[in-house]
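J.: Can you keep this structure in mind? I'll have questions shortly.
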Amino acid sequence: MRTAEIKRRYLGYFEANGHAVVPSAPLPAISDPNLLFVNAGMVQFVPYFLGQQAPPYRRAVSVQKCLRTPDIDEVGKTSRHGTFFQMNGNFSFGDYFKDGAIPLAWDLVTKPVAQGGYGLDPERVWPTVYLDDDEAFRIWRSVGVPAERIVRRGRTDNFWSMGIPGPAGPSSEMFYDRGPEYGRAGGPEVDEDRYMEFWNLVFMQYEIADITSKEHFRIVGELPANNIDTGMGLERMASILQGVDNLYEIDEVRPILDRAAELTGKRYGAHSGQVASESHPDDVRLRVIADHVRTALMLIGDGVTPSNEGRGYVLRRIVRRAIRSVRLLGYQDRALPELLPVARDCMAPSYPELAAEFDRISQYAYAEEDAFLSTLRAGTTILDTAIAETRSAGKAALTGDKAFQLHDTYGFPIDLTLEIAAEQGLTVDAEGFRRLMADQRNRAKADARARKTGHTDVSAYRSVLDAGGPVEFTGYTELNRESRVRAVLAGGGEVGAAVEGDTVELVLDTTPFYAEGGGQQPDQGLITVGGGQVEVFDVQQPVPGLIVHRARVVRGEVRAGETGYAEIDVTRRRAISRSHTATHLVHQTMRNFLGESATQAGSLNAPGRLRFDFNTPTGVAPSVLHDVEQQVNEVLLADLEVHAFITTQEEARRIGAMALFGEKYGERVRVVEVGDYARELCGGTHVARSAQLGLVKILSEASVGSGVRRIEALVGMDAFGFLAREHLLVSRLAELFRVPGDQVADRVEQTVTQLRDVEKELDKLRAQLVLGGAAALAGQAKDVRGVAYVGTEAPEGAAGNDVRTLAQEIRGRIDPARPAVVAVAARSNGKASLVVAVNAAARSRGLAAKDLVKAAFSGRGGGSDDLAQGGGLPAAEAPKLLATVEKAIAEA
């Protein structure tokens with residue numbers, strides 16, 4: 001029975017028994033701060049189990065995509081564990097309990113295939129129950145299982161939780177006896193290789209906390225009665241029903257493994273149970289490839305893209321482990337174009353969207369492989385050198401700073417450094433690496449915090465907030481207002497008063513000033529207090545609820561407790577609001593042309609300009625950018641109303657409002673609509689109608705990171721001004737070239753081509769000039785202890801390639817039977833460089849070009865025995881370099 005059919009039967013059986021069919025949640029567990037990914041079938045139902053939300057159904061059934069990452073390094077070493085898996089689950093929310101769940105599971109498992117069941121032999125099914133769960137034991141007996149096949153087990157095996165605080169409870173599991181060829185008789189207590197667990201029924205009775213292990217946690221309360229979470233491991237059931245030894249041989253995985261074996265020329269042999277990597281390293285690597293390629297497909301399919309943190313880093317690590325495993329097995333070409341389509345064909349029968357969106361998925365995956373291959377080439381060379389240096393120093397561990405340099409400078413993942421070092425018999429100072437990483441993160445956080453807090457002690461802000469409560473923002477509806485000065489802060493605390501020339505922070509009871517956030521720059525303006533006045537240049541929210549105005553006192557004195565008048569810079573606000581509304585329109589339009597995966601990854605809304613970052617695997621064609629710009633401006637011409645309103649998260653989702661990935665939203669959210677064209681969750685300020693934007697002009701589109709592109713655009717008068725300047729420039733060029741304006745681009749391109757041709761001719765002339773004296777220099781070779789030595793300087797400004805060619809040309813003009821060394825120094829841009837060429841006769845005497853270069857540069861430089869180079873010293877050092885080489889020859 002194929003895996004897709006197992007899913008179909010499961011959903012159909014429970015739907016016929018009154019369960020609502022619920023689609024799988026996406027793998028990213030966005031709504032749960034404790035999880036990167038959904039790791040169990042019940043994750044999307046947690047609010048119902050905890051009583052936080054009323055369930056819309058009493059019974060539910062789903063096939064949930066899951067991902068567990070803690071044991072990534074162990075993938076492939078056993079036949080039953082992987083990263084991605086699927087959990088068939090049926091759930092009760094206050095409806096039925098053990099007396100309903102156990103008979104339903106037993107019936108589906110043992111019912112004949114012809115009647116819609118799975119047809120397992122009931123004599124080979126062994127249930128387990130929690131130690132003191134007499135009720136579950138009795139129910140298993142009532143469905144016909146003999147007492148000797150019902151096993152009581154402890155908390156480690158039969159008490160389930162997600163591994164984090166939340167719902168939990170005693171469980172009852174079903175194991176299938178695969179037969180004596182798989183191990184010893186006696187049930188799951190004796191041998192869990194022979195007896196494979198495939199179904200787990202969890203009786204959700206408790207809420208737990210303080211989890212340190214499976215055995216150690218604290219029960220903090222009881223959950224509402226009759227909550228059931230049962231999960232059938234789809235891959236495990238497939239291996240049983242398909243008569244194969246392990247999950248790597250089921251129909252959704254084996255084709256990927258076979259293709260990997262075909263590419264690498266390795267033979268895959270099935271091994272049940274534990275597989276030692278030392279005994280079967282090729283088996284393990286083939287399994288890693290099959291598991292990780294399938295997992296990458298599912299993650300990218302659910303919107304995760306490669307990055308250096310969070311979910312994106314997990315994906316990046318999985319992709320790169322798969323690629324490296326392929327290369328370790330001997331296949332050096334691009335592997336994912338050969339493997340990912342196979343994974344798609346395996347999974348598309350259950351998830352047809354993978355086929356529909358494969359172009360997007362494959363673009364991200366293939367781009368990540370290309371990036372990693374480049375990283376691998378550079379990083380491996382550096383790591384190999386570091387390993388050699390570590391060994392020559394007699395040390396057993398690679399230093400943390402070297403591992404950090406590989407990660408920070410060259411993008412070489414730490415887990416890859418650990419793996420390669422271990423293969424070479426070395427350890428890595430992982431603690432030192434983590435310390436350096438933590439230092440870097442702390443510096444970044446400190447910089448961000450300084451921007452928010454202005455180096456003021458956060459406790460001072462909290463004190464102000466606690467004393468007066470949150471500051472009310474009124475800037476959506478008004479541009480100025482009276483307000484009381486709640487606090488004046490400077491130098492890390494409250495000061496009570498400030499005088500002319502002081503830079504301070506003011507907290508008002510209410511304010512029309514917008515604090516920087518959501519990509520929108522802050523308001524600026526004036527606050528007048530009594531006889532004093534301050535000029536506001538920045539507005540931040542250093543702690544939630546507290547709006548702080550950073551300002552300079554330009555006149556008089558300002559005191560806490562006085563009433564003031566706050567007025568924002570209206571021109572600036574309106575320009576920023578135009579940019580923010582334009583960003584919403586660009587976002588929606590990019591999704592219209594590139595698909596829903598083109599989600600916002602960052603933005604900047606400044607007066608008259610915007611910066612919009614978005615997720616996409618490749619560059620955007622100029623024709624698409626032109627169409628995006630045109631469609632945005634058509635929306636402006638339509639003069640659509642811009643409307644903002646507060647609603648619930650649920651209602652916002654229902655009406656299709658876009659939420660930004662990674663943003664935290666409360667239960668009540670603010671939605672901004674531009675007619676029916678764009679709808680997005682947003683706390684920023686906007687224009688009243690789209691026509692008020694005037695014009696949007698896209699200036700550029702470029703990459704700012706793996707899978708992230710950036711659009712820069714101008715809005716309103718800034719866009720008009722830009723176009724006016726462009727018109728003047730084109731007019732001037734048309735006048736200079738004496739052509740119509742529409743021919744300027746062609747004439748400029750023609751001129752540039754001519755200039756490049758001239759530059760090539762000049763390069764040829766320079767090369768001829770440099771090489772012209774090669775014969776004469778060879779004839780003037782000096783004898784240094786029997787070695788013909790030529791030490792000369794190239795003409796000032798000679799290109800690096802020309803210098804190398806000159807050294808080789810002189811060497812070639814010396815009798816090959818005579819040992820010869822040629823050193824050519826060059827001066828360029830204030831720096832001296834050196835190229836050394838050595839012929840075969842000199843190399844046979846022990847002279848090597850790379851050693852001579854290192855002698856000249858105190859150990860630096862690189863190359864081979866016959867040709868090497870170095871550089872970086874002041875230009876005046878050129879003669880000294882030549883003298884050093886001659887001395888090294890004399891002393892050799």
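Chain lettering (A, B, ...) mirrors the order of the structure tokens, residue numbering begins at 1 for each chain separately, and ligand numbering begins at 1 in order of display.
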Which residues come within 12 Å of Ser858 in chain A, counting only C-alpha atoms, excluding same-chain residues fewer than 4 positions away, as a list of chain:residue names?

T.: A:Lys850, A:Asp851, A:Leu852, A:Val853, A:Lys854, A:Gly862, A:Gly870, A:Gly871, A:Gly872, A:Leu873, A:Leu881, A:Thr884, A:Val885

J.: Would you pick out the contacts of range 45-57 of chain A at 7 Å or less, using only C-alpha atoms, so that residues sharing its chain but fewer than 2 positions from it are not included, and give the list as a PyMOL selection string?

T.: chain A and resi 20+42-43+59-60+93+167+223+227

J.: Kindly save the residues from that selection, with N, CA and C atoms included, as a PDB file, in the first residue's frame.

T.:
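Okay, again.pdb is ready:
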ATOM      1  N   ALA A  20     -13.780  16.117  11.799  1.00  0.00           N
ATOM      2  CA  ALA A  20     -13.569  17.145  10.785  1.00  0.00           C
ATOM      3  C   ALA A  20     -12.152  16.998  10.228  1.00  0.00           C
ATOM      4  N   MET A  42      -0.232  17.417  17.040  1.00  0.00           N
ATOM      5  CA  MET A  42      -1.187  18.169  17.853  1.00  0.00           C
ATOM      6  C   MET A  42      -0.814  19.637  18.044  1.00  0.00           C
ATOM      7  N   VAL A  43       0.303  20.106  17.464  1.00  0.00           N
ATOM      8  CA  VAL A  43       0.773  21.464  17.740  1.00  0.00           C
ATOM      9  C   VAL A  43      -0.279  22.510  17.383  1.00  0.00           C
ATOM     10  N   ARG A  59     -14.379  16.749  17.168  1.00  0.00           N
ATOM     11  CA  ARG A  59     -13.447  15.723  16.715  1.00  0.00           C
ATOM     12  C   ARG A  59     -12.723  16.231  15.467  1.00  0.00           C
ATOM     13  N   ALA A  60     -11.458  15.900  15.349  1.00  0.00           N
ATOM     14  CA  ALA A  60     -10.696  16.338  14.184  1.00  0.00           C
ATOM     15  C   ALA A  60      -9.726  15.243  13.761  1.00  0.00           C
ATOM     16  N   PHE A  93     -11.784  16.816  21.472  1.00  0.00           N
ATOM     17  CA  PHE A  93     -11.772  17.992  22.332  1.00  0.00           C
ATOM     18  C   PHE A  93     -13.022  17.940  23.213  1.00  0.00           C
ATOM     19  N   PRO A 167       0.565  20.857  27.046  1.00  0.00           N
ATOM     20  CA  PRO A 167      -0.255  19.669  27.270  1.00  0.00           C
ATOM     21  C   PRO A 167       0.602  18.400  27.292  1.00  0.00           C
ATOM     22  N   LEU A 223      -6.082  19.318  32.560  1.00  0.00           N
ATOM     23  CA  LEU A 223      -6.768  19.871  31.401  1.00  0.00           C
ATOM     24  C   LEU A 223      -8.210  19.408  31.396  1.00  0.00           C
ATOM     25  N   ASN A 227      -9.876  14.824  26.400  1.00  0.00           N
ATOM     26  CA  ASN A 227      -9.015  15.321  25.336  1.00  0.00           C
ATOM     27  C   ASN A 227      -8.098  14.193  24.890  1.00  0.00           C
TER      28      ASN A 227
END

J.: Do a neighbour search on range 383-388 of chain A at 12 Å with only C-alpha atoms, toss out local chain neighbours closer than 6 positions, and write the hits as a VMD selection string.

T.: chain A and resid 375 to 377 394 to 407 410 412 to 414 416 to 428

J.: Tell me which protein, DNA and RNA residues are within 10 Å of range 461-469 of chain A, counting only C-alpha atoms, leaving out same-chain ones fewer than 4 positions away, and put them as a PyMOL selection string.

T.: chain A and resi 453+456-457+486-489+492-494+507-509+541-548

J.: From a DSSP calculation on the backbone, collect every residue of range 702-858 of chain A in strand (DSSP E or B) and output the set as a PyMOL selection string.

T.: chain A and resi 702-705+708-715+782-784+787-793+820-828+831-838

J.: Would you output that residue set with N, CA, C and O atoms, as a compact mmCIF listing (two decimals), in the first residue's frame?

T.:
# COMPACT_ATOMS: atom_id res chain seq x y z
N ALA A 702 18.38 44.99 -6.52
CA ALA A 702 19.66 44.29 -6.35
C ALA A 702 19.58 43.31 -5.20
O ALA A 702 18.64 43.34 -4.40
N SER A 703 20.56 42.44 -5.13
CA SER A 703 20.63 41.44 -4.04
C SER A 703 21.23 42.07 -2.79
O SER A 703 22.18 42.85 -2.87
N VAL A 704 20.65 41.70 -1.63
CA VAL A 704 21.22 42.13 -0.35
C VAL A 704 21.51 40.93 0.55
O VAL A 704 21.79 41.07 1.72
N GLY A 705 21.42 39.73 -0.02
CA GLY A 705 21.66 38.51 0.75
C GLY A 705 21.07 37.34 0.01
O GLY A 705 20.38 37.49 -1.00
N VAL A 708 17.28 37.26 -0.89
CA VAL A 708 16.63 38.53 -0.53
C VAL A 708 17.07 39.60 -1.51
O VAL A 708 18.27 39.79 -1.74
N ARG A 709 16.12 40.30 -2.10
CA ARG A 709 16.39 41.38 -3.05
C ARG A 709 15.88 42.70 -2.48
O ARG A 709 15.06 42.72 -1.57
N ARG A 710 16.39 43.79 -3.02
CA ARG A 710 16.01 45.12 -2.51
C ARG A 710 15.63 46.03 -3.66
O ARG A 710 16.33 46.11 -4.67
N ILE A 711 14.51 46.71 -3.48
CA ILE A 711 14.07 47.74 -4.42
C ILE A 711 14.22 49.10 -3.75
O ILE A 711 13.85 49.28 -2.59
N GLU A 712 14.81 50.04 -4.47
CA GLU A 712 14.89 51.44 -4.03
C GLU A 712 13.97 52.25 -4.94
O GLU A 712 13.97 52.06 -6.17
N ALA A 713 13.18 53.14 -4.36
CA ALA A 713 12.24 53.92 -5.16
C ALA A 713 12.06 55.31 -4.58
O ALA A 713 12.31 55.54 -3.38
N LEU A 714 11.62 56.23 -5.42
CA LEU A 714 11.30 57.59 -5.00
C LEU A 714 9.79 57.79 -5.11
O LEU A 714 9.12 57.15 -5.93
N VAL A 715 9.28 58.71 -4.28
CA VAL A 715 7.83 58.92 -4.20
C VAL A 715 7.55 60.43 -4.22
O VAL A 715 8.29 61.22 -3.62
N LYS A 782 72.78 37.34 -13.57
CA LYS A 782 73.93 37.31 -12.66
C LYS A 782 74.11 35.89 -12.14
O LYS A 782 73.15 35.19 -11.85
N ASP A 783 75.37 35.47 -12.01
CA ASP A 783 75.64 34.14 -11.45
C ASP A 783 75.72 34.24 -9.93
O ASP A 783 76.53 34.97 -9.39
N VAL A 784 74.80 33.52 -9.26
CA VAL A 784 74.78 33.50 -7.79
C VAL A 784 74.96 32.05 -7.36
O VAL A 784 74.00 31.26 -7.43
N VAL A 787 73.72 29.75 -9.96
CA VAL A 787 72.35 29.96 -10.39
C VAL A 787 72.27 31.27 -11.16
O VAL A 787 72.77 32.31 -10.70
N ALA A 788 71.68 31.20 -12.36
CA ALA A 788 71.47 32.42 -13.14
C ALA A 788 70.31 33.19 -12.51
O ALA A 788 69.17 32.73 -12.50
N TYR A 789 70.62 34.37 -11.98
CA TYR A 789 69.61 35.15 -11.27
C TYR A 789 69.37 36.47 -11.99
O TYR A 789 70.30 37.21 -12.30
N VAL A 790 68.07 36.75 -12.26
CA VAL A 790 67.66 38.03 -12.82
C VAL A 790 66.72 38.69 -11.82
O VAL A 790 65.67 38.15 -11.49
N GLY A 791 67.10 39.84 -11.34
CA GLY A 791 66.25 40.62 -10.45
C GLY A 791 66.00 41.98 -11.06
O GLY A 791 66.95 42.73 -11.30
N THR A 792 64.75 42.29 -11.39
CA THR A 792 64.44 43.53 -12.09
C THR A 792 63.09 44.06 -11.65
O THR A 792 62.28 43.34 -11.06
N GLU A 793 62.86 45.35 -11.94
CA GLU A 793 61.56 45.96 -11.68
C GLU A 793 60.80 46.14 -12.98
O GLU A 793 61.37 46.53 -13.99
N ALA A 820 68.01 28.54 -12.98
CA ALA A 820 67.67 29.95 -13.13
C ALA A 820 66.55 30.35 -12.19
O ALA A 820 65.60 29.59 -11.98
N VAL A 821 66.69 31.56 -11.63
CA VAL A 821 65.65 32.18 -10.81
C VAL A 821 65.44 33.59 -11.32
O VAL A 821 66.41 34.35 -11.47
N VAL A 822 64.16 33.94 -11.58
CA VAL A 822 63.82 35.28 -12.04
C VAL A 822 62.89 35.93 -11.02
O VAL A 822 61.87 35.34 -10.65
N ALA A 823 63.27 37.12 -10.55
CA ALA A 823 62.43 37.87 -9.61
C ALA A 823 62.08 39.21 -10.23
O ALA A 823 62.99 39.96 -10.62
N VAL A 824 60.77 39.50 -10.34
CA VAL A 824 60.31 40.77 -10.91
C VAL A 824 59.48 41.49 -9.86
O VAL A 824 58.45 40.97 -9.41
N ALA A 825 59.95 42.67 -9.47
CA ALA A 825 59.20 43.49 -8.52
C ALA A 825 58.39 44.52 -9.30
O ALA A 825 58.75 44.90 -10.42
N ALA A 826 57.29 44.98 -8.71
CA ALA A 826 56.44 45.98 -9.35
C ALA A 826 55.92 46.94 -8.31
O ALA A 826 55.74 46.58 -7.15
N ARG A 827 55.69 48.20 -8.74
CA ARG A 827 55.11 49.21 -7.86
C ARG A 827 53.79 49.68 -8.48
O ARG A 827 53.74 50.04 -9.65
N SER A 828 52.73 49.65 -7.66
CA SER A 828 51.42 50.08 -8.14
C SER A 828 50.59 50.54 -6.96
O SER A 828 50.52 49.86 -5.94
N LYS A 831 52.06 50.40 -3.45
CA LYS A 831 52.43 49.11 -2.88
C LYS A 831 53.42 48.39 -3.79
O LYS A 831 53.41 48.57 -5.01
N ALA A 832 54.26 47.57 -3.16
CA ALA A 832 55.22 46.76 -3.91
C ALA A 832 54.77 45.32 -3.92
O ALA A 832 54.27 44.79 -2.92
N SER A 833 54.93 44.68 -5.09
CA SER A 833 54.65 43.24 -5.21
C SER A 833 55.84 42.55 -5.83
O SER A 833 56.76 43.19 -6.35
N LEU A 834 55.82 41.22 -5.79
CA LEU A 834 56.96 40.45 -6.27
C LEU A 834 56.46 39.15 -6.89
O LEU A 834 55.59 38.48 -6.33
N VAL A 835 57.01 38.82 -8.06
CA VAL A 835 56.76 37.53 -8.71
C VAL A 835 58.09 36.83 -8.89
O VAL A 835 59.07 37.44 -9.35
N VAL A 836 58.17 35.56 -8.51
CA VAL A 836 59.39 34.76 -8.65
C VAL A 836 59.08 33.55 -9.51
O VAL A 836 58.10 32.84 -9.26
N ALA A 837 59.93 33.32 -10.55
CA ALA A 837 59.80 32.15 -11.41
C ALA A 837 61.09 31.34 -11.33
O ALA A 837 62.19 31.90 -11.39
N VAL A 838 60.98 30.03 -11.20
CA VAL A 838 62.13 29.13 -11.04
C VAL A 838 62.03 28.03 -12.09
O VAL A 838 60.94 27.43 -12.26

J.: Do you know which residues are at most 8 Å from Val151 in chain A counting only C-alpha atoms, after dropping those on the same chain fewer than 2 positions away, and could you put them as an NGL selection string?

T.: :A and (126-129 or 148-149 or 153 or 187-189)

J.: Write the selection just made, keeping N, CA and C atoms, as a PDB file, in the first residue's frame?

T.:
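Once written, part15.pdb looks like this:
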ATOM      1  N   TRP A 126       1.249  -5.429  19.505  1.00  0.00           N
ATOM      2  CA  TRP A 126       1.477  -5.398  20.956  1.00  0.00           C
ATOM      3  C   TRP A 126       1.190  -3.992  21.474  1.00  0.00           C
ATOM      4  N   PRO A 127       0.156  -3.798  22.290  1.00  0.00           N
ATOM      5  CA  PRO A 127      -0.069  -2.490  22.904  1.00  0.00           C
ATOM      6  C   PRO A 127       0.788  -2.323  24.173  1.00  0.00           C
ATOM      7  N   THR A 128       1.101  -1.057  24.491  1.00  0.00           N
ATOM      8  CA  THR A 128       1.707  -0.722  25.780  1.00  0.00           C
ATOM      9  C   THR A 128       0.826   0.308  26.466  1.00  0.00           C
ATOM     10  N   VAL A 129       0.859   0.323  27.792  1.00  0.00           N
ATOM     11  CA  VAL A 129       0.094   1.301  28.566  1.00  0.00           C
ATOM     12  C   VAL A 129       0.989   1.845  29.673  1.00  0.00           C
ATOM     13  N   GLU A 148      -1.087 -11.069  28.002  1.00  0.00           N
ATOM     14  CA  GLU A 148       0.368 -11.247  27.878  1.00  0.00           C
ATOM     15  C   GLU A 148       0.973 -10.384  26.771  1.00  0.00           C
ATOM     16  N   ARG A 149       0.132  -9.793  25.895  1.00  0.00           N
ATOM     17  CA  ARG A 149       0.664  -8.907  24.847  1.00  0.00           C
ATOM     18  C   ARG A 149       0.423  -7.432  25.185  1.00  0.00           C
ATOM     19  N   ARG A 153       4.536   0.171  30.925  1.00  0.00           N
ATOM     20  CA  ARG A 153       5.848   0.819  30.871  1.00  0.00           C
ATOM     21  C   ARG A 153       5.804   2.130  31.644  1.00  0.00           C
ATOM     22  N   GLY A 187       8.299  -9.020  23.047  1.00  0.00           N
ATOM     23  CA  GLY A 187       7.622  -7.728  23.071  1.00  0.00           C
ATOM     24  C   GLY A 187       8.571  -6.540  23.074  1.00  0.00           C
ATOM     25  N   PRO A 188       8.020  -5.321  23.052  1.00  0.00           N
ATOM     26  CA  PRO A 188       8.825  -4.105  22.950  1.00  0.00           C
ATOM     27  C   PRO A 188       9.771  -3.881  24.122  1.00  0.00           C
ATOM     28  N   GLU A 189       9.478  -4.436  25.292  1.00  0.00           N
ATOM     29  CA  GLU A 189      10.400  -4.302  26.419  1.00  0.00           C
ATOM     30  C   GLU A 189      11.707  -5.030  26.150  1.00  0.00           C
TER      31      GLU A 189
END

J.: Rounded to one decimal in Å, what is the spacing between CA of Gly707 in chain A and CA of Ile361 in chain A?

T.: 11.3 Å

J.: Can I get the residues of range 571-658 of chain A within 8 Å of range 518-530 of chain A, each with the closest pair of atoms and their distance in Å to one decimal, using only C-alpha atoms, sorted chain first then ascending number, as JSON lines?

T.:
{"residue": "A:Arg572", "atom": "CA", "partner": "A:Asp523", "partner_atom": "CA", "distance": 7.3}
{"residue": "A:Arg573", "atom": "CA", "partner": "A:Asp523", "partner_atom": "CA", "distance": 6.2}
{"residue": "A:Ile576", "atom": "CA", "partner": "A:Gln520", "partner_atom": "CA", "distance": 7.3}
{"residue": "A:His580", "atom": "CA", "partner": "A:Gln520", "partner_atom": "CA", "distance": 6.9}
{"residue": "A:Gly602", "atom": "CA", "partner": "A:Gly519", "partner_atom": "CA", "distance": 7.0}
{"residue": "A:Ser603", "atom": "CA", "partner": "A:Gly519", "partner_atom": "CA", "distance": 4.9}
{"residue": "A:Leu604", "atom": "CA", "partner": "A:Gly519", "partner_atom": "CA", "distance": 4.5}
{"residue": "A:Asn605", "atom": "CA", "partner": "A:Gln520", "partner_atom": "CA", "distance": 4.6}
{"residue": "A:Ala606", "atom": "CA", "partner": "A:Gln521", "partner_atom": "CA", "distance": 5.7}

J.: Write a file of the selected residues as a PDB file, in the first residue's frame, keeping all heavy atoms.

T.:
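Output file out39.pdb is given in full below:
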ATOM      1  N   ARG A 572       7.343  66.733   6.582  1.00  0.00           N
ATOM      2  CA  ARG A 572       8.083  65.476   6.709  1.00  0.00           C
ATOM      3  C   ARG A 572       7.120  64.300   6.908  1.00  0.00           C
ATOM      4  O   ARG A 572       7.261  63.264   6.249  1.00  0.00           O
ATOM      5  CB  ARG A 572       9.048  65.580   7.893  1.00  0.00           C
ATOM      6  CG  ARG A 572       9.766  64.270   8.223  1.00  0.00           C
ATOM      7  CD  ARG A 572      10.633  64.422   9.468  1.00  0.00           C
ATOM      8  NE  ARG A 572      11.130  63.140   9.943  1.00  0.00           N
ATOM      9  CZ  ARG A 572      12.238  62.553   9.510  1.00  0.00           C
ATOM     10  NH1 ARG A 572      12.967  63.147   8.561  1.00  0.00           N
ATOM     11  NH2 ARG A 572      12.627  61.406   9.997  1.00  0.00           N
ATOM     12  N   ARG A 573       6.140  64.476   7.800  1.00  0.00           N
ATOM     13  CA  ARG A 573       5.190  63.394   8.069  1.00  0.00           C
ATOM     14  C   ARG A 573       4.475  62.964   6.787  1.00  0.00           C
ATOM     15  O   ARG A 573       4.332  61.779   6.503  1.00  0.00           O
ATOM     16  CB  ARG A 573       4.188  63.826   9.130  1.00  0.00           C
ATOM     17  CG  ARG A 573       2.885  63.022   9.146  1.00  0.00           C
ATOM     18  CD  ARG A 573       3.045  61.582   9.637  1.00  0.00           C
ATOM     19  NE  ARG A 573       3.133  61.564  11.077  1.00  0.00           N
ATOM     20  CZ  ARG A 573       2.082  61.611  11.894  1.00  0.00           C
ATOM     21  NH1 ARG A 573       0.861  61.683  11.393  1.00  0.00           N
ATOM     22  NH2 ARG A 573       2.256  61.584  13.202  1.00  0.00           N
ATOM     23  N   ILE A 576       6.750  61.004   4.509  1.00  0.00           N
ATOM     24  CA  ILE A 576       6.975  59.642   5.011  1.00  0.00           C
ATOM     25  C   ILE A 576       5.735  58.789   4.798  1.00  0.00           C
ATOM     26  O   ILE A 576       5.819  57.621   4.405  1.00  0.00           O
ATOM     27  CB  ILE A 576       7.372  59.673   6.501  1.00  0.00           C
ATOM     28  CG1 ILE A 576       8.759  60.318   6.677  1.00  0.00           C
ATOM     29  CG2 ILE A 576       7.363  58.272   7.091  1.00  0.00           C
ATOM     30  CD1 ILE A 576       9.174  60.503   8.119  1.00  0.00           C
ATOM     31  N   HIS A 580       5.296  55.239   2.918  1.00  0.00           N
ATOM     32  CA  HIS A 580       4.813  54.025   3.564  1.00  0.00           C
ATOM     33  C   HIS A 580       3.668  53.412   2.754  1.00  0.00           C
ATOM     34  O   HIS A 580       3.620  52.184   2.539  1.00  0.00           O
ATOM     35  CB  HIS A 580       4.350  54.334   4.984  1.00  0.00           C
ATOM     36  CG  HIS A 580       4.350  53.126   5.866  1.00  0.00           C
ATOM     37  ND1 HIS A 580       4.450  53.189   7.232  1.00  0.00           N
ATOM     38  CD2 HIS A 580       4.261  51.799   5.589  1.00  0.00           C
ATOM     39  CE1 HIS A 580       4.434  51.970   7.739  1.00  0.00           C
ATOM     40  NE2 HIS A 580       4.298  51.113   6.751  1.00  0.00           N
ATOM     41  N   GLY A 602      11.870  43.382   4.934  1.00  0.00           N
ATOM     42  CA  GLY A 602      12.380  44.588   5.585  1.00  0.00           C
ATOM     43  C   GLY A 602      11.988  45.800   4.761  1.00  0.00           C
ATOM     44  O   GLY A 602      11.661  45.683   3.572  1.00  0.00           O
ATOM     45  N   SER A 603      12.001  46.980   5.383  1.00  0.00           N
ATOM     46  CA  SER A 603      11.641  48.183   4.632  1.00  0.00           C
ATOM     47  C   SER A 603      12.178  49.417   5.338  1.00  0.00           C
ATOM     48  O   SER A 603      12.522  49.380   6.523  1.00  0.00           O
ATOM     49  CB  SER A 603      10.123  48.295   4.473  1.00  0.00           C
ATOM     50  OG  SER A 603       9.506  48.521   5.739  1.00  0.00           O
ATOM     51  N   LEU A 604      12.252  50.498   4.584  1.00  0.00           N
ATOM     52  CA  LEU A 604      12.582  51.816   5.132  1.00  0.00           C
ATOM     53  C   LEU A 604      11.670  52.813   4.453  1.00  0.00           C
ATOM     54  O   LEU A 604      11.640  52.915   3.223  1.00  0.00           O
ATOM     55  CB  LEU A 604      14.039  52.180   4.867  1.00  0.00           C
ATOM     56  CG  LEU A 604      14.424  53.622   5.237  1.00  0.00           C
ATOM     57  CD1 LEU A 604      14.366  53.809   6.754  1.00  0.00           C
ATOM     58  CD2 LEU A 604      15.803  53.973   4.716  1.00  0.00           C
ATOM     59  N   ASN A 605      10.895  53.544   5.254  1.00  0.00           N
ATOM     60  CA  ASN A 605      10.005  54.569   4.732  1.00  0.00           C
ATOM     61  C   ASN A 605      10.502  55.920   5.219  1.00  0.00           C
ATOM     62  O   ASN A 605      10.354  56.263   6.392  1.00  0.00           O
ATOM     63  CB  ASN A 605       8.570  54.319   5.219  1.00  0.00           C
ATOM     64  CG  ASN A 605       8.095  52.925   4.862  1.00  0.00           C
ATOM     65  OD1 ASN A 605       8.071  52.563   3.692  1.00  0.00           O
ATOM     66  ND2 ASN A 605       7.733  52.140   5.863  1.00  0.00           N
ATOM     67  N   ALA A 606      11.127  56.648   4.325  1.00  0.00           N
ATOM     68  CA  ALA A 606      11.738  57.938   4.645  1.00  0.00           C
ATOM     69  C   ALA A 606      11.060  59.011   3.801  1.00  0.00           C
ATOM     70  O   ALA A 606      10.317  58.705   2.864  1.00  0.00           O
ATOM     71  CB  ALA A 606      13.236  57.889   4.367  1.00  0.00           C
TER      72      ALA A 606
END

J.: One decimal, in Å: what's the spacing between CA of Gly675 in chain A and CA of Val642 in chain A?

T.: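 Distance between the two atoms: 6.2 Å.
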
J.: Which residues are close to Ser374 in chain A, i.e. within 12 Å by only C-alpha atoms, leaving aside same-chain residues fewer than 5 positions away? Reply as a ChimeraX atom specification.

T.: /A:320,334,367-369,379-381,410-412

J.: With only C-alpha atoms as the basis for distance, which of A:Ala566, A:Ala551, A:Leu286, A:Ala16 is at the shortest distance from Val539 in chain A?

T.: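 Distance minimum relative to Val539 in chain A lands on A:Ala551.
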